[in-house]
>>> print(open('entry_8.cif').read())   # mmCIF, C-alpha atoms, pLDDT in the B column; chains and numbers go by the auth columns
data_run
loop_
_atom_site.group_PDB
_atom_site.id
_atom_site.type_symbol
_atom_site.label_atom_id
_atom_site.label_comp_id
_atom_site.label_asym_id
_atom_site.label_seq_id
_atom_site.Cartn_x
_atom_site.Cartn_y
_atom_site.Cartn_z
_atom_site.B_iso_or_equiv
_atom_site.auth_seq_id
_atom_site.auth_asym_id
ATOM 1 C CA MET A 1 73.144 -76.216 109.713 81.00 29 J
ATOM 2 C CA LYS A 2 69.343 -76.359 109.805 85.00 30 J
ATOM 3 C CA LEU A 3 69.130 -73.732 107.067 92.00 31 J
ATOM 4 C CA VAL A 4 71.336 -75.848 104.793 92.00 32 J
ATOM 5 C CA ILE A 5 69.304 -78.969 105.557 91.00 33 J
ATOM 6 C CA SER A 6 66.063 -77.101 104.851 93.00 34 J
ATOM 7 C CA ALA A 7 67.358 -75.706 101.558 95.00 35 J
ATOM 8 C CA LEU A 8 68.620 -79.117 100.408 94.00 36 J
ATOM 9 C CA TYR A 9 65.348 -80.750 101.432 94.00 37 J
ATOM 10 C CA VAL A 10 63.219 -78.222 99.519 95.00 38 J
ATOM 11 C CA LEU A 11 65.482 -78.493 96.482 96.00 39 J
ATOM 12 C CA GLY A 12 65.296 -82.278 96.635 95.00 40 J
ATOM 13 C CA TYR A 13 61.503 -82.138 96.928 96.00 41 J
ATOM 14 C CA LEU A 14 61.183 -79.861 93.903 96.00 42 J
ATOM 15 C CA VAL A 15 63.529 -81.993 91.783 96.00 43 J
ATOM 16 C CA LEU A 16 61.886 -85.270 92.803 95.00 44 J
ATOM 17 C CA SER A 17 58.414 -83.830 92.180 95.00 45 J
ATOM 18 C CA PHE A 18 59.444 -82.728 88.709 95.00 46 J
ATOM 19 C CA ALA A 19 60.949 -86.149 87.997 94.00 47 J
ATOM 20 C CA VAL A 20 57.782 -87.918 89.175 93.00 48 J
ATOM 21 C CA VAL A 21 55.459 -85.693 87.159 91.00 49 J
ATOM 22 C CA TRP A 22 57.665 -85.888 84.074 91.00 50 J
ATOM 23 C CA PHE A 23 57.859 -89.685 84.329 91.00 51 J
ATOM 24 C CA GLY A 24 54.126 -90.023 84.896 87.00 52 J
ATOM 25 C CA ILE A 25 53.129 -87.693 82.047 87.00 53 J
ATOM 26 C CA ILE A 26 55.780 -88.304 79.400 86.00 54 J
ATOM 27 C CA GLU A 27 56.772 -91.924 79.968 85.00 55 J
ATOM 28 C CA MET A 28 53.611 -93.457 81.413 84.00 56 J
ATOM 29 C CA ASP A 29 51.072 -91.332 79.499 79.00 57 J
ATOM 30 C CA ALA A 30 49.028 -90.629 82.636 77.00 58 J
ATOM 31 C CA ALA A 31 47.603 -87.276 81.581 74.00 59 J
ATOM 32 C CA ASP A 32 44.333 -86.000 80.226 74.00 60 J
ATOM 33 C CA PRO A 33 44.334 -86.590 76.438 73.00 61 J
ATOM 34 C CA LYS A 34 43.686 -82.878 75.836 74.00 62 J
ATOM 35 C CA LEU A 35 46.727 -81.927 77.914 74.00 63 J
ATOM 36 C CA LYS A 36 49.192 -84.574 76.760 74.00 64 J
ATOM 37 C CA ARG A 37 52.797 -83.715 77.454 75.00 65 J
ATOM 38 C CA ALA A 38 51.776 -80.693 79.540 81.00 66 J
ATOM 39 C CA VAL A 39 54.234 -81.152 82.395 85.00 67 J
ATOM 40 C CA SER A 40 54.134 -77.395 83.014 87.00 68 J
ATOM 41 C CA ILE A 41 50.451 -77.670 83.956 86.00 69 J
ATOM 42 C CA TYR A 42 50.659 -80.759 86.174 86.00 70 J
ATOM 43 C CA TYR A 43 53.959 -79.971 87.947 90.00 71 J
ATOM 44 C CA PRO A 44 52.722 -77.017 90.045 92.00 72 J
ATOM 45 C CA ILE A 45 49.489 -78.822 90.892 89.00 73 J
ATOM 46 C CA TRP A 46 51.147 -81.976 92.243 89.00 74 J
ATOM 47 C CA THR A 47 54.000 -80.080 93.877 93.00 75 J
ATOM 48 C CA ILE A 48 51.682 -77.743 95.768 93.00 76 J
ATOM 49 C CA PHE A 49 49.233 -80.535 96.599 89.00 77 J
ATOM 50 C CA TYR A 50 51.912 -82.684 98.272 91.00 78 J
ATOM 51 C CA ALA A 51 53.694 -79.717 99.893 93.00 79 J
ATOM 52 C CA PRO A 52 52.040 -80.305 103.317 90.00 80 J
ATOM 53 C CA VAL A 53 53.475 -83.823 103.388 90.00 81 J
ATOM 54 C CA ALA A 54 56.907 -82.490 102.441 91.00 82 J
ATOM 55 C CA VAL A 55 56.728 -79.782 105.115 92.00 83 J
ATOM 56 C CA LEU A 56 55.713 -82.376 107.697 89.00 84 J
ATOM 57 C CA GLY A 57 58.664 -84.537 106.660 90.00 85 J
ATOM 58 C CA LEU A 58 60.990 -81.533 106.921 92.00 86 J
ATOM 59 C CA VAL A 59 59.727 -80.693 110.410 90.00 87 J
ATOM 60 C CA PHE A 60 60.330 -84.247 111.600 87.00 88 J
ATOM 61 C CA THR A 61 63.711 -84.270 109.862 89.00 89 J
ATOM 62 C CA LEU A 62 64.805 -81.083 111.610 90.00 90 J
ATOM 63 C CA ARG A 63 63.798 -82.517 114.988 87.00 91 J
ATOM 64 C CA ARG A 64 66.502 -85.170 114.733 85.00 92 J
ATOM 65 C CA LYS A 65 69.797 -84.462 116.479 83.00 93 J
ATOM 66 C CA ILE A 66 72.131 -87.155 115.140 83.00 94 J
ATOM 67 C CA LYS A 67 73.510 -86.481 111.660 85.00 95 J
ATOM 68 C CA ASN A 68 72.876 -90.009 110.354 86.00 96 J
ATOM 69 C CA GLU A 69 69.263 -89.872 111.540 84.00 97 J
ATOM 70 C CA ILE A 70 68.776 -86.509 109.828 87.00 98 J
ATOM 71 C CA ILE A 71 70.018 -87.919 106.534 88.00 99 J
ATOM 72 C CA LEU A 72 68.015 -91.143 106.821 87.00 100 J
ATOM 73 C CA PHE A 73 64.778 -89.464 107.899 88.00 101 J
ATOM 74 C CA GLY A 74 65.125 -86.793 105.199 90.00 102 J
ATOM 75 C CA LEU A 75 65.747 -89.346 102.446 92.00 103 J
ATOM 76 C CA PHE A 76 62.937 -91.564 103.705 89.00 104 J
ATOM 77 C CA SER A 77 60.432 -88.715 103.722 91.00 105 J
ATOM 78 C CA LEU A 78 61.487 -87.438 100.282 93.00 106 J
ATOM 79 C CA LEU A 79 61.399 -90.854 98.638 92.00 107 J
ATOM 80 C CA SER A 80 58.137 -91.893 100.254 90.00 108 J
ATOM 81 C CA THR A 81 56.529 -88.626 99.146 91.00 109 J
ATOM 82 C CA ALA A 82 57.766 -89.201 95.591 92.00 110 J
ATOM 83 C CA VAL A 83 56.405 -92.753 95.543 89.00 111 J
ATOM 84 C CA ALA A 84 53.011 -91.568 96.829 88.00 112 J
ATOM 85 C CA GLN A 85 52.942 -88.809 94.192 90.00 113 J
ATOM 86 C CA LEU A 86 53.689 -91.292 91.434 88.00 114 J
ATOM 87 C CA ILE A 87 51.079 -93.792 92.593 86.00 115 J
ATOM 88 C CA SER A 88 48.432 -91.078 92.923 86.00 116 J
ATOM 89 C CA LEU A 89 49.308 -89.642 89.524 85.00 117 J
ATOM 90 C CA LEU A 90 49.235 -92.999 87.760 83.00 118 J
ATOM 91 C CA MET A 91 46.055 -94.198 89.471 83.00 119 J
ATOM 92 C CA ASP A 92 44.286 -90.842 89.099 79.00 120 J
ATOM 93 C CA ALA A 93 43.345 -91.100 92.767 75.00 121 J
ATOM 94 C CA TYR A 94 40.360 -89.298 94.220 82.00 122 J
ATOM 95 C CA TRP A 95 40.604 -87.038 97.260 83.00 123 J
ATOM 96 C CA PRO A 96 39.596 -89.667 99.889 85.00 124 J
ATOM 97 C CA VAL A 97 42.509 -91.851 98.796 83.00 125 J
ATOM 98 C CA ILE A 98 44.916 -88.926 98.919 84.00 126 J
ATOM 99 C CA LEU A 99 43.563 -87.894 102.331 87.00 127 J
ATOM 100 C CA ALA A 100 44.189 -91.442 103.543 87.00 128 J
ATOM 101 C CA GLU A 101 47.754 -91.149 102.169 87.00 129 J
ATOM 102 C CA PHE A 102 48.259 -87.940 104.142 89.00 130 J
ATOM 103 C CA ILE A 103 47.028 -89.572 107.350 91.00 131 J
ATOM 104 C CA GLY A 104 49.270 -92.561 106.639 89.00 132 J
ATOM 105 C CA PHE A 105 52.258 -90.255 106.235 89.00 133 J
ATOM 106 C CA LEU A 106 51.510 -88.564 109.548 89.00 134 J
ATOM 107 C CA LEU A 107 51.225 -91.901 111.349 92.00 135 J
ATOM 108 C CA CYS A 108 54.370 -93.222 109.678 90.00 136 J
ATOM 109 C CA TYR A 109 56.383 -90.119 110.589 88.00 137 J
ATOM 110 C CA LEU A 110 55.099 -90.198 114.166 89.00 138 J
ATOM 111 C CA GLY A 111 55.915 -93.896 114.462 90.00 139 J
ATOM 112 C CA LEU A 112 59.399 -93.489 113.039 85.00 140 J
ATOM 113 C CA ASN A 113 60.001 -90.487 115.283 84.00 141 J
ATOM 114 C CA TYR A 114 58.877 -92.512 118.319 88.00 142 J
ATOM 115 C CA ILE A 115 61.133 -95.437 117.406 86.00 143 J
ATOM 116 C CA LEU A 116 64.149 -93.176 116.879 80.00 144 J
ATOM 117 C CA ASN A 117 63.479 -91.388 120.189 81.00 145 J
ATOM 118 C CA GLN A 118 63.286 -94.732 122.011 82.00 146 J
ATOM 119 C CA LYS A 119 66.563 -95.804 120.415 71.00 147 J
ATOM 120 C CA SER A 120 68.312 -92.580 121.431 65.00 148 J
ATOM 121 C CA ASP A 121 66.981 -92.894 125.002 63.00 149 J
ATOM 122 C CA ILE A 122 68.554 -96.354 125.295 65.00 150 J
ATOM 123 C CA GLU A 123 71.981 -95.153 124.163 59.00 151 J
#
>>> encode(input="entry_8.cif", output="structure tokens")
Amino acid sequence: MKLVISALYVLGYLVLSFAVVWFGIIEMDAADPKLKRAVSIYYPIWTIFYAPVAVLGLVFTLRRKIKNEIILFGLFSLLSTAVAQLISLLMDAYWPVILAEFIGFLLCYLGLNYILNQKSDIE
């Protein structure tokens, strides 16, 4: 079961990353003028750069035991990673901003994990 969840999560991350980069470059024109429409250059960069956040989300997703929580936590982490990628791509964010995003993700995942653990302890 965890292998299937991991494979679906990684596939979802890769597809969402491509969609974000494609939207940012092609539709929003957020690329370097010399590299316009070069999704093949930006896609690996943004996908690899946000991979630690995706791996962290996958680890917290796999720690859940209830099926509904696994689905919700996985979707939350994938969508929040995609939104952060899009904002960083469109704003051309510098590394301190992206580092602050990473710390925010960690705190958000820890907080959500704590809340879900408290809820499961009550039941």
>>> resolve_selection(input="entry_8.cif", expression="the PyMOL selection byres ((chain J and resi 129) around 12)", output="list of chain:residue names")
J:Tyr78, J:Pro80, J:Val81, J:Ser108, J:Thr109, J:Val111, J:Ala112, J:Gln113, J:Ile115, J:Ser116, J:Ala121, J:Tyr122, J:Trp123, J:Pro124, J:Val125, J:Ile126, J:Leu127, J:Ala128, J:Phe130, J:Ile131, J:Gly132, J:Phe133, J:Leu134, J:Leu135, J:Cys136
>>> closest_residue(input="entry_8.cif", among="J:Leu36, J:Val87, J:Ile53, J:Ala47", to="Ile69 in chain J", atoms="all atoms listed in the file")
J:Ile53
>>> closest_residue(input="entry_8.cif", among="J:Ala66, J:Ala82, J:Leu144, J:Ile33", to="Leu106 in chain J", atoms="all atoms listed in the file")
J:Ala82
>>> residues_around(input="entry_8.cif", residues="Lys95 in chain J", least_positions_apart="5", cutoff="12 Å", atoms="only C-alpha atoms", output="list in words")
Met29, Lys30, Ile33, Thr89, Leu90, Leu100, Phe101 and Gly102 of chain J
>>> closest_residue(input="entry_8.cif", among="J:Leu114, J:Leu138, J:Met119, J:Ala35", to="Val48 in chain J", atoms="all atoms listed in the file")
J:Leu114
>>> atom_distance(input="entry_8.cif", atom1="CA of Ile143 in chain J", atom2="CA of Leu31 in chain J")
25.3 Å
>>> atom_distance(input="entry_8.cif", atom1="CA of Ala110 in chain J", atom2="CA of Ser45 in chain J")
6.4 Å
>>> decode(input="entry_8.cif", residues="range 66-80 of chain J", atoms="N, CA and C atoms", output="mmCIF file, in the first residue's frame")
data_model
loop_
_atom_site.group_PDB
_atom_site.id
_atom_site.type_symbol
_atom_site.label_atom_id
_atom_site.label_comp_id
_atom_site.auth_asym_id
_atom_site.auth_seq_id
_atom_site.Cartn_x
_atom_site.Cartn_y
_atom_site.Cartn_z
ATOM 1 N N ALA J 66 11.190 28.105 -22.842
ATOM 2 C CA ALA J 66 12.129 27.014 -22.588
ATOM 3 C C ALA J 66 11.700 26.243 -21.341
ATOM 4 N N VAL J 67 10.565 25.578 -21.420
ATOM 5 C CA VAL J 67 10.072 24.799 -20.293
ATOM 6 C C VAL J 67 11.047 23.674 -19.965
ATOM 7 N N SER J 68 11.713 23.141 -20.970
ATOM 8 C CA SER J 68 12.644 22.028 -20.748
ATOM 9 C C SER J 68 13.860 22.450 -19.924
ATOM 10 N N ILE J 69 14.152 23.724 -19.859
ATOM 11 C CA ILE J 69 15.259 24.202 -19.026
ATOM 12 C C ILE J 69 14.779 24.458 -17.595
ATOM 13 N N TYR J 70 13.624 25.077 -17.448
ATOM 14 C CA TYR J 70 13.136 25.453 -16.122
ATOM 15 C C TYR J 70 12.519 24.283 -15.343
ATOM 16 N N TYR J 71 11.921 23.323 -16.048
ATOM 17 C CA TYR J 71 11.234 22.218 -15.365
ATOM 18 C C TYR J 71 12.156 21.431 -14.437
ATOM 19 N N PRO J 72 13.317 20.955 -14.906
ATOM 20 C CA PRO J 72 14.179 20.205 -13.974
ATOM 21 C C PRO J 72 14.685 21.051 -12.807
ATOM 22 N N ILE J 73 14.932 22.323 -13.064
ATOM 23 C CA ILE J 73 15.443 23.196 -12.003
ATOM 24 C C ILE J 73 14.418 23.324 -10.878
ATOM 25 N N TRP J 74 13.176 23.682 -11.219
ATOM 26 C CA TRP J 74 12.160 23.885 -10.193
ATOM 27 C C TRP J 74 11.729 22.573 -9.560
ATOM 28 N N THR J 75 11.721 21.497 -10.341
ATOM 29 C CA THR J 75 11.321 20.205 -9.787
ATOM 30 C C THR J 75 12.347 19.709 -8.778
ATOM 31 N N ILE J 76 13.614 19.820 -9.105
ATOM 32 C CA ILE J 76 14.663 19.373 -8.192
ATOM 33 C C ILE J 76 14.756 20.309 -6.983
ATOM 34 N N PHE J 77 14.563 21.602 -7.211
ATOM 35 C CA PHE J 77 14.687 22.566 -6.121
ATOM 36 C C PHE J 77 13.613 22.360 -5.055
ATOM 37 N N TYR J 78 12.394 22.014 -5.466
ATOM 38 C CA TYR J 78 11.311 21.801 -4.504
ATOM 39 C C TYR J 78 11.158 20.341 -4.104
ATOM 40 N N ALA J 79 12.055 19.471 -4.551
ATOM 41 C CA ALA J 79 11.983 18.053 -4.188
ATOM 42 C C ALA J 79 12.078 17.815 -2.674
ATOM 43 N N PRO J 80 12.928 18.545 -1.929
ATOM 44 C CA PRO J 80 12.945 18.309 -0.473
ATOM 45 C C PRO J 80 11.594 18.564 0.198
#
